[in-house]
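One structure is given here, and the rest of the page talks about it.
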2 protein chains.
Amino acid sequence: MNFLSMFKCTSNTENYRAGSTIIKEGAHGKVMYAILDGDVELRIGDKPIEVVTVGNVIGEMALIDAHPRSATAVAVTDCRLAPISEKQFLLLVQETPFFSLYVMRVLAERLRKMDAMLTAENQDGA
Amino acid sequence: MNFLSMFKCTSNTENYRAGSTIIKEGAHGKVMYAILDGDVELRIGDKPIEVVTVGNVIGEMALIDAHPRSATAVAVTDCRLAPISEKQFLLLVQETPFFSLYVMRVLAERLRKMDAMLTAENQDGA
């Protein structure tokens, strides 16, 4: 499923210029974003973690567990994003099982990337 | 919600002795487990990642993204586990939104732990 199709007709969008910060690590936030156009880099501290591309989401962690933002998100190119509020998120989870599976897959993929980074760091340090 | 309550009456359980391996990193698997009794340690390579306790789940990653197991799971104490098949997992996601939210929270919590470990390793190495 292309996640983007759920949001591509929305008029509620936000634009970010290349280089601008969309989400700041440590901040409190109650919105996630679907990327309609552009690329977004996730960073923890100064460390780039991954580039998230069109059709994917950022900022979902703060909606899931209500903790401060786990990473900073910076627009790599000019970006157009569709904000998804906590209420919308819970409605999507309730009514759209494939959305839940999609979010789980995003988290699982990020976990596998973190596992690989941690393993690589341990090998470098060995 | 106590996740355990969904499984505590099941007769389909598996027992593992302390020290035995429940899941092996890199293996293919199509089952996750709810921990009904005991503690389970997750390891990536030789590195302990976390101890998962009664009322929680292990092995969910392989059901979400069908990749090989991301970690090894070893029984710290004698354990009783309720296996959840892929079919049951998909049914739970479809019919029980709080199960989806629970799995997302498990993954988000593990991601935050990995973030913290990676940050600590970078600081140690700095």
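Every chain in the structure tokens has a letter given in the order shown (A, B, ...), and although residue numbers restart at 1 in each chain, ligands are simply numbered from 1 in the order shown.
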Using only C-alpha atoms, what does the table of chain B residues within 8 Å of chain A look like, with each row giving the shortest atom pair and its distance in Å to one decimal, sorted by chain and ascending number, as CSV?
residue,atom,partner,partner_atom,distance
B:Ile44,CA,A:Asp115,CA,7.6
B:Gly45,CA,A:Thr119,CA,7.9
B:Met61,CA,A:Ala108,CA,6.1
B:Ile64,CA,A:Arg105,CA,5.9
B:Asp65,CA,A:Arg105,CA,6.0
B:Ser70,CA,A:Arg112,CA,6.9
B:Val93,CA,A:Pro97,CA,6.0
B:Gln94,CA,A:Pro97,CA,5.1
B:Thr96,CA,A:Gln94,CA,7.9
B:Pro97,CA,A:Gln94,CA,5.1
B:Ser100,CA,A:Ser100,CA,6.2
B:Leu101,CA,A:Ile64,CA,7.0
B:Val103,CA,A:Met104,CA,7.5
B:Met104,CA,A:Met104,CA,5.8
B:Arg105,CA,A:Ile64,CA,5.9
B:Leu107,CA,A:Leu107,CA,6.3
B:Ala108,CA,A:Met61,CA,6.1
B:Glu109,CA,A:Asp65,CA,7.9
B:Arg110,CA,A:Leu111,CA,7.6
B:Leu111,CA,A:Leu111,CA,5.7
B:Arg112,CA,A:Ser70,CA,6.9
B:Met114,CA,A:Met114,CA,6.5
B:Asp115,CA,A:Met114,CA,7.5
B:Met117,CA,A:Leu118,CA,7.9
B:Leu118,CA,A:Leu118,CA,6.2
B:Thr119,CA,A:Ile44,CA,7.9
B:Glu121,CA,A:Glu121,CA,7.7
B:Gly125,CA,A:Gly125,CA,7.7
Residue set, chain A restricted to alpha helix (DSSP H), as a ChimeraX atom specification: /A:60-65,86-95,97-125
Pairwise distance for CA of Arg17 (chain A) and CA of Pro68 (chain A), rounded to one decimal in Å: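 Result for CA of Arg17 (chain A) versus CA of Pro68 (chain A): 23.9 Å, one decimal.
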Option closest in space to Lys87 (chain A), from A:Ile22, A:Ile58, A:Val31, A:Leu36 [counting only C-alpha atoms]: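 Checking each of A:Ile22, A:Ile58, A:Val31, A:Leu36 against Lys87 (chain A), counting only C-alpha atoms, the winner is A:Val31.
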DSSP strand (DSSP E or B) residues within chain B, listed as a PyMOL selection string: chain B and resi 14-16+21-23+31-37+40-44+47-52+57-58+72-75+79-85
Dump of C-alpha atoms for the selected residues, as a short mmCIF file (atom, residue, chain, number, x, y, z; two decimals), in the first residue's frame:
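What ended up in selection_26.cif:
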data_model
loop_
_atom_site.label_atom_id
_atom_site.label_comp_id
_atom_site.auth_asym_id
_atom_site.auth_seq_id
_atom_site.Cartn_x
_atom_site.Cartn_y
_atom_site.Cartn_z
CA GLU B 14 5.49 -23.42 25.77
CA ASN B 15 7.89 -23.87 28.67
CA TYR B 16 11.58 -22.95 28.59
CA THR B 21 17.36 -20.14 23.84
CA ILE B 22 13.84 -19.22 22.77
CA ILE B 23 14.67 -17.24 19.61
CA VAL B 31 5.71 -16.61 15.73
CA MET B 32 5.90 -14.07 18.55
CA TYR B 33 5.43 -14.84 22.24
CA ALA B 34 3.57 -13.31 25.17
CA ILE B 35 5.48 -13.93 28.41
CA LEU B 36 3.10 -15.53 30.94
CA ASP B 37 5.79 -16.36 33.51
CA VAL B 40 13.70 -13.19 28.99
CA GLU B 41 16.94 -11.47 27.98
CA LEU B 42 17.30 -10.06 24.46
CA ARG B 43 20.83 -10.06 23.01
CA ILE B 44 22.27 -8.75 19.76
CA LYS B 47 25.46 -7.70 23.81
CA PRO B 48 22.53 -7.80 26.27
CA ILE B 49 19.90 -5.29 25.11
CA GLU B 50 17.12 -5.66 27.68
CA VAL B 51 15.32 -8.03 30.00
CA VAL B 52 11.67 -8.48 29.03
CA VAL B 57 6.03 -9.76 24.22
CA ILE B 58 9.11 -10.93 22.32
CA THR B 72 18.46 -13.72 20.39
CA ALA B 73 16.05 -14.31 23.28
CA VAL B 74 17.28 -16.40 26.22
CA ALA B 75 15.23 -17.49 29.25
CA CYS B 79 9.56 -19.29 31.46
CA ARG B 80 6.04 -20.02 30.27
CA LEU B 81 5.18 -18.38 26.97
CA ALA B 82 2.04 -18.15 24.80
CA PRO B 83 2.96 -18.36 21.11
CA ILE B 84 1.09 -15.96 18.78
CA SER B 85 1.06 -17.06 15.13
#
Pairwise distance for CA of Val54 (chain B) and CA of Phe89 (chain B), rounded to one decimal in Å: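 It comes out at 18.8 Å.
Separating CA of Lys24 (chain A) from CA of Thr53 (chain A) is a distance of 18.3 Å.
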